[in-house]
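To start, the structure itself, in structure tokens.
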Amino acid sequence: MARRKFPVVIEEISIRGLGVIGDARLPLGPGFTALTGETGAGKTMVVTALGLLLGERADSSAIRTDASQAVVEGHWLVDAAGAVADRVRDAGGDLDPIAGSDQAGLLLSRSISTEGRSRAAVGGRAAPVGVLNEIGQQLVVVHGQSDQVRLRSATAQREALDRFAGSELSKVLGDYHDVYRRWQSAQGELDVLVAESDRRSREADDLRVAMDEIEQAAPRRGEEVELADRADRLTNLEDLRLAASEAQELLSSQSADGSQDVLALLDTARRQLERVSGHDQTLEPIAQAIAGASFAVTEVSGQLASYLSGIDADGGRELESVQQRRAELGSLVRKYGPTLDDTIDYLDTGSSRLLELDTDSDRIEALRAEVAGDRARIVELGAALSEVRRSFAIRLSERVTGELAALAMVNATLSVTVEDRPDYSQNGKDQVSFLLRPHPGAEPRPLGRGASGGELSRVMLAIEVVIAGSDPVPTFIFDEVDAGVGGASAIEIGKRLARLAQTAQVIVVTHLAQVAAFANNHLSVVKDSDGTVTESSVRQLHGEERISEMARLLSGLPDSESGLAHARELVDMARETAAS
């Protein structure tokens with residue numbers, strides 16, 4: 001049967017220094033890859049390596065004892081115009097375009113040091129591990145024993161039903177999410193406004209008092225500096241008066257002791273030069289300069305006289321007024337500062353806040369109307385979600401039950417129920433439950449109670465096979481999905497995995513030849529030990545090597561003629577099934 005082209009596929013994974021694996025390369029590619037090996041050979045390390053590439057938590061104890069770090073690299077083919085490629089570019093990573101194709105190569109890598117440091121790279125660029133996790137969620141679905149436990153949770157069961165419902169549900173669910181987020185935001189704001197109405201009312205009253213106080217004081221920017229200068233002048237008023245008076249007397253007053261002032265001395269000097277300048281013309285400009293100096297001194301003397309006449313004789317009362325104003329401004333700054341400019345700015349910010357607080361009642365009324373409208377819409381969309389889920393729950397129940405019959409659970413029935421929860425959540429009001437009835441007459445019981453590990457494995461596989469048609473996933477990884485199963489049941493599991501591999505890449509860690517027989521790519525984890533150190537590698541099996549490995553899985557005897565014959569029979573049967 002010709003396989004379709006997969007838009008996203010893991011081409012190869014390289015592992016170095018992880019657990020018992022020294023250096024291994026896993027060629028993967030489209031279709032069904034089976035990974036087998038002896039117990040303790042390191043098959044689990046392969047799943048661990050994939051988990052690291054998908055952003056799972058790193059554990060330095062998984063590093064080989066003779067290595068300083070563990071390194072895992074994954075080579076993917078992705079849609080060059082798809083969501084994964086866009087996220088890689090957003091993270092600054094590079095893609096490797098493939099000529100003549102709409103696909104591109106993507107390299108993801110992760111390293112862990114013995115000191116516990118973890119580094120991730122996306123498209124050759126360092127990136128947070130969280131980016132690996134985001135990309136991994138779009139690339140791979142991993143099913144192991146822990147995931148089977150998760151299948152028991154109500155959340156996982158609802159997600160499985162929603163995946164099965166596909167686009168018919170996703171449109172309604174998207175509308176519901178939008179309204180629900182808007183409703184929660186408005187309800188939260190309304191709750192805060194109502195709960196804090198008294199506090200906000202007191203805040204508004206306090207703001208009004210503050211606005212009135214600042215407006216009445218009417219402070220000006222820079223007024224503090226002006227008042228400080230004025231206070232300094234008034235405080236030293238007598239010293240200023242005495243200094244100005246003495247300076248004026250020295251410049252232009254005849255002293256009582258008969259000494260001459262500056263003007264008289266300059267006038268004497270000028271006349272002495274003018275008397276003899278006729279004998280030497282070079283003295284004339286000097287005499288003129290002295291005359292100019294006399295004019296300048298006369299002007300300065302006049303300025304001092306004006307300054308003295310302008311000094312307020314009643315400076316004490318003015319100083320008191322200045323100090324009162326400074327105290328008033330200081331009080332404002334202490335309350336609304338830390339600076340006078342901040343206090344003036346508080347008028348603007350406080351006015352805006354007061355306007356907001358004064359409109360609380362209007363906002364509360366508007367929010368109540370908005371919340372009521374969104375709540376009614378939530379009820380409407382929630383009912384639509386429930387209707388779609390109930391419709392698809394019936395179909396999922398029927399189809400999974402049919403798959404279980406083929407997986408040696410002939411009398412088992414899976415019932416998917418959709419019931420009302422007490423209130424609405426972000427995904428509606430539905431409580432989805434998967435109930436398993438192992439045989440007629442038994443009471444249906446939740447998967448979390450009464451289902452063995454093997455039954456859970458088969459139920460999980462049946463669900464994935466059914467859902468794959470409506471919600472395809474690029475890559476499935478199954479870690480011992482066949483645990484607790486054997487014989488004909490294992491063959492049916494192999495058939496289902498092969499069917500799943502027609503629409504997705506499937507990688508299965510298995511210990512059953514009945515499952516591995518259906519793979520189109522068989523990898524074996526080979527353990528080698530020198531008696532001191534165990535190191536495993538990975539080999540791709542073809543022809544007789546594969547038949548020998550299948551015989552080992554069947555009987556533990558890779559060279560047994562009966563085992564080899566049985567292995568060939570299994571492989572031929574699987575090949576014929578795939579071709580039909």
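Going through the structure tokens in order, the chains are called A, B, and so on, while each chain numbers its residues from 1 and the ligands are numbered from 1 in the order shown.
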Which neighbours of A:Leu173 fall inside 9 Å, counting only C-alpha atoms, when residues of the same chain fewer than 6 positions from it are skipped, and could you give them as a compact mmCIF listing (two decimals) with C-alpha atoms, in the first residue's frame?
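What landed in part20.txt:
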# COMPACT_ATOMS: atom_id res chain seq x y z
CA LEU A 381 -22.73 28.44 23.88
CA GLY A 382 -22.36 25.99 26.76
CA LEU A 385 -21.05 22.53 23.40
CA ASN A 427 -14.30 24.54 28.67
CA GLY A 428 -18.00 24.56 29.32
Within 6 Å of stretch 569-575 of chain A, counting only C-alpha atoms, which residues show up once you throw out same-chain ones fewer than 3 positions away? Write them as number ranges by chain, please.
A: 517-518, 566, 578
Go ahead and save the picked residues with N, CA and C atoms, as a PDB file, in the first residue's frame.
ATOM      1  N   ALA A 517       6.192  -7.047  14.058  1.00  0.00           N
ATOM      2  CA  ALA A 517       6.051  -7.596  12.708  1.00  0.00           C
ATOM      3  C   ALA A 517       5.391  -6.623  11.749  1.00  0.00           C
ATOM      4  N   PHE A 518       4.568  -5.724  12.252  1.00  0.00           N
ATOM      5  CA  PHE A 518       3.817  -4.799  11.391  1.00  0.00           C
ATOM      6  C   PHE A 518       4.607  -3.529  11.059  1.00  0.00           C
ATOM      7  N   HIS A 566       8.553 -19.291  12.677  1.00  0.00           N
ATOM      8  CA  HIS A 566       7.415 -18.529  13.208  1.00  0.00           C
ATOM      9  C   HIS A 566       7.580 -17.045  12.915  1.00  0.00           C
ATOM     10  N   ALA A 578      -0.974  -5.521   5.504  1.00  0.00           N
ATOM     11  CA  ALA A 578      -0.743  -4.137   5.095  1.00  0.00           C
ATOM     12  C   ALA A 578      -1.092  -3.930   3.633  1.00  0.00           C
TER      13      ALA A 578
END
Those in stretch 474-533 of chain A with helix (DSSP H, G or I) from DSSP, as a tab-separated table (two decimals) with N, CA and C atoms, in the first residue's frame:
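After the write, out_29.tsv holds the following:
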chain	number	residue	atom	x	y	z
A	487	GLY	N	-0.24	-12.95	22.41
A	487	GLY	CA	-0.99	-13.75	21.46
A	487	GLY	C	-1.75	-12.96	20.43
A	488	ALA	N	-3.02	-13.37	20.23
A	488	ALA	CA	-3.85	-12.75	19.21
A	488	ALA	C	-4.10	-11.27	19.51
A	489	SER	N	-4.19	-10.94	20.79
A	489	SER	CA	-4.41	-9.53	21.16
A	489	SER	C	-3.24	-8.67	20.69
A	490	ALA	N	-2.03	-9.21	20.81
A	490	ALA	CA	-0.85	-8.46	20.38
A	490	ALA	C	-0.87	-8.25	18.87
A	491	ILE	N	-1.32	-9.25	18.12
A	491	ILE	CA	-1.41	-9.10	16.67
A	491	ILE	C	-2.39	-8.00	16.31
A	492	GLU	N	-3.52	-7.95	17.02
A	492	GLU	CA	-4.50	-6.90	16.74
A	492	GLU	C	-3.95	-5.52	17.10
A	493	ILE	N	-3.15	-5.45	18.16
A	493	ILE	CA	-2.51	-4.17	18.50
A	493	ILE	C	-1.57	-3.76	17.37
A	494	GLY	N	-0.82	-4.73	16.85
A	494	GLY	CA	0.07	-4.43	15.73
A	494	GLY	C	-0.69	-3.92	14.53
A	495	LYS	N	-1.83	-4.55	14.23
A	495	LYS	CA	-2.65	-4.10	13.11
A	495	LYS	C	-3.12	-2.66	13.31
A	496	ARG	N	-3.56	-2.35	14.53
A	496	ARG	CA	-4.07	-0.99	14.81
A	496	ARG	C	-2.95	0.04	14.69
A	497	LEU	N	-1.78	-0.32	15.17
A	497	LEU	CA	-0.64	0.60	15.05
A	497	LEU	C	-0.28	0.82	13.59
A	498	ALA	N	-0.35	-0.24	12.81
A	498	ALA	CA	-0.06	-0.11	11.38
A	498	ALA	C	-1.10	0.77	10.70
A	499	ARG	N	-2.36	0.61	11.10
A	499	ARG	CA	-3.41	1.47	10.53
A	499	ARG	C	-3.17	2.93	10.91
A	500	LEU	N	-2.79	3.15	12.15
A	500	LEU	CA	-2.49	4.51	12.62
A	500	LEU	C	-1.32	5.10	11.83
A	513	ALA	N	6.98	-9.66	19.37
A	513	ALA	CA	7.21	-9.85	17.93
A	513	ALA	C	5.92	-9.62	17.15
A	514	GLN	N	4.77	-9.95	17.77
A	514	GLN	CA	3.48	-9.78	17.09
A	514	GLN	C	3.21	-8.32	16.75
A	515	VAL	N	3.75	-7.42	17.53
A	515	VAL	CA	3.60	-5.99	17.26
A	515	VAL	C	4.68	-5.53	16.28
A	516	ALA	N	5.93	-5.92	16.55
A	516	ALA	CA	7.05	-5.47	15.70
A	516	ALA	C	6.91	-5.95	14.27
What's the 12 Å shell around A:Ser361, counting only C-alpha atoms, without same-chain residues fewer than 2 positions away, as an MDAnalysis selection string?
chainID A and resid 190 193:194 197:198 200:201 355:359 363:368
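Residue neighbourhood of A:Asp102, excluding near-sequence residues (fewer than 4 positions): Pro7, Val78, Asp79, Ala80, Ala81, Pro97 and Ile98 of chain A, at 9 Å, using only C-alpha atoms.
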Write a file of the selected residues as a PDB file, in the first residue's frame, keeping N, CA and C atoms.
ATOM      1  N   PRO A   7       3.384  15.680   6.236  1.00  0.00           N
ATOM      2  CA  PRO A   7       3.922  17.051   6.283  1.00  0.00           C
ATOM      3  C   PRO A   7       4.941  17.252   7.393  1.00  0.00           C
ATOM      4  N   VAL A  78       9.434  19.436   8.447  1.00  0.00           N
ATOM      5  CA  VAL A  78       8.208  20.135   8.822  1.00  0.00           C
ATOM      6  C   VAL A  78       7.675  20.916   7.625  1.00  0.00           C
ATOM      7  N   ASP A  79       6.434  21.297   7.729  1.00  0.00           N
ATOM      8  CA  ASP A  79       5.814  22.144   6.709  1.00  0.00           C
ATOM      9  C   ASP A  79       6.468  23.522   6.766  1.00  0.00           C
ATOM     10  N   ALA A  80       7.094  23.941   5.677  1.00  0.00           N
ATOM     11  CA  ALA A  80       7.842  25.208   5.674  1.00  0.00           C
ATOM     12  C   ALA A  80       6.961  26.410   5.926  1.00  0.00           C
ATOM     13  N   ALA A  81       5.649  26.280   5.705  1.00  0.00           N
ATOM     14  CA  ALA A  81       4.734  27.405   5.920  1.00  0.00           C
ATOM     15  C   ALA A  81       3.787  27.137   7.086  1.00  0.00           C
ATOM     16  N   PRO A  97      15.610  24.861   3.944  1.00  0.00           N
ATOM     17  CA  PRO A  97      14.654  24.622   2.854  1.00  0.00           C
ATOM     18  C   PRO A  97      15.088  23.434   1.994  1.00  0.00           C
ATOM     19  N   ILE A  98      14.106  22.682   1.520  1.00  0.00           N
ATOM     20  CA  ILE A  98      14.374  21.549   0.644  1.00  0.00           C
ATOM     21  C   ILE A  98      13.918  21.923  -0.760  1.00  0.00           C
TER      22      ILE A  98
END
Pick out the residues sitting within 12 Å of A:Val225, and hand them over as a PDB file with C-alpha atoms, in the first residue's frame; count only C-alpha atoms, and ignore anything fewer than 2 positions along from it in its own chain.
ATOM      1  CA  ARG A 220       4.123  77.962  41.412  1.00  0.00           C
ATOM      2  CA  ARG A 221       6.972  75.992  39.912  1.00  0.00           C
ATOM      3  CA  GLY A 222      10.291  77.371  41.232  1.00  0.00           C
ATOM      4  CA  GLU A 223       8.570  79.303  44.037  1.00  0.00           C
ATOM      5  CA  LEU A 227      11.337  82.313  48.581  1.00  0.00           C
ATOM      6  CA  ALA A 228      14.652  80.920  49.864  1.00  0.00           C
ATOM      7  CA  ASP A 229      16.549  83.705  48.095  1.00  0.00           C
ATOM      8  CA  ARG A 230      14.134  86.320  49.445  1.00  0.00           C
ATOM      9  CA  ALA A 231      14.404  84.981  52.991  1.00  0.00           C
ATOM     10  CA  ASP A 232      18.195  85.043  52.817  1.00  0.00           C
ATOM     11  CA  VAL A 322       8.026  84.821  53.477  1.00  0.00           C
ATOM     12  CA  ARG A 326       7.664  78.605  52.947  1.00  0.00           C
ATOM     13  CA  LEU A 329       4.598  75.029  50.809  1.00  0.00           C
ATOM     14  CA  THR A 339       9.039  67.923  45.611  1.00  0.00           C
ATOM     15  CA  LEU A 340       6.980  71.016  44.905  1.00  0.00           C
ATOM     16  CA  ASP A 341       6.801  70.037  41.230  1.00  0.00           C
TER      17      ASP A 341
END
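Interatomic distance, atom CA of A:Arg182 to atom CA of A:Phe164: 27.2 Å.
Of the residues under consideration (A:Arg449, A:Arg89, A:Arg377, A:His143), A:His143 shows the shortest atom-to-atom contact distance to A:Leu50 when counting only C-alpha atoms.
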The residue from A:Leu396, A:Leu564, A:Ile463, A:Val538 with the smallest atom-to-atom distance to A:Ile13, counting only C-alpha atoms, is A:Val538
I'd like the contact shell of A:Gly55 - 7 Å cut-off, only C-alpha atoms, skipping same-chain residues fewer than 3 positions apart - returned as a VMD selection string.
chain A and resid 51 to 52 129 to 130 132 to 133
N, CA and C atoms of the current selection, written as a CSV table (one decimal), in the first residue's frame:
chain,number,residue,atom,x,y,z
A,51,GLY,N,11.8,12.7,25.1
A,51,GLY,CA,11.3,13.6,26.0
A,51,GLY,C,12.1,14.8,26.2
A,52,LEU,N,13.4,14.7,26.2
A,52,LEU,CA,14.3,15.8,26.4
A,52,LEU,C,14.1,16.8,25.2
A,129,VAL,N,14.1,26.2,27.2
A,129,VAL,CA,13.5,24.9,27.1
A,129,VAL,C,12.0,24.9,26.8
A,130,GLY,N,11.4,26.0,27.3
A,130,GLY,CA,9.9,26.2,27.1
A,130,GLY,C,9.6,26.2,25.7
A,132,LEU,N,11.1,24.5,23.3
A,132,LEU,CA,11.0,23.1,22.9
A,132,LEU,C,9.7,22.5,23.2
A,133,ASN,N,9.2,22.8,24.4
A,133,ASN,CA,8.0,22.2,24.9
A,133,ASN,C,6.8,22.7,24.0
Applying 7 Å and only C-alpha atoms, which residues near A:Gly123 remain after dropping the ones on its own chain fewer than 5 positions away? List them as a PyMOL selection string.
chain A and resi 88+93-95+106-108
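Of the listed residues (A:Ala127, A:Val418, A:Val72, A:Ala289), A:Val72 comes nearest to A:Gly19; the distances count only C-alpha atoms.
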Figure out the distance between atom CA of A:Glu224 and atom CA of A:Pro338, please, to one decimal in Å.
13.0 Å
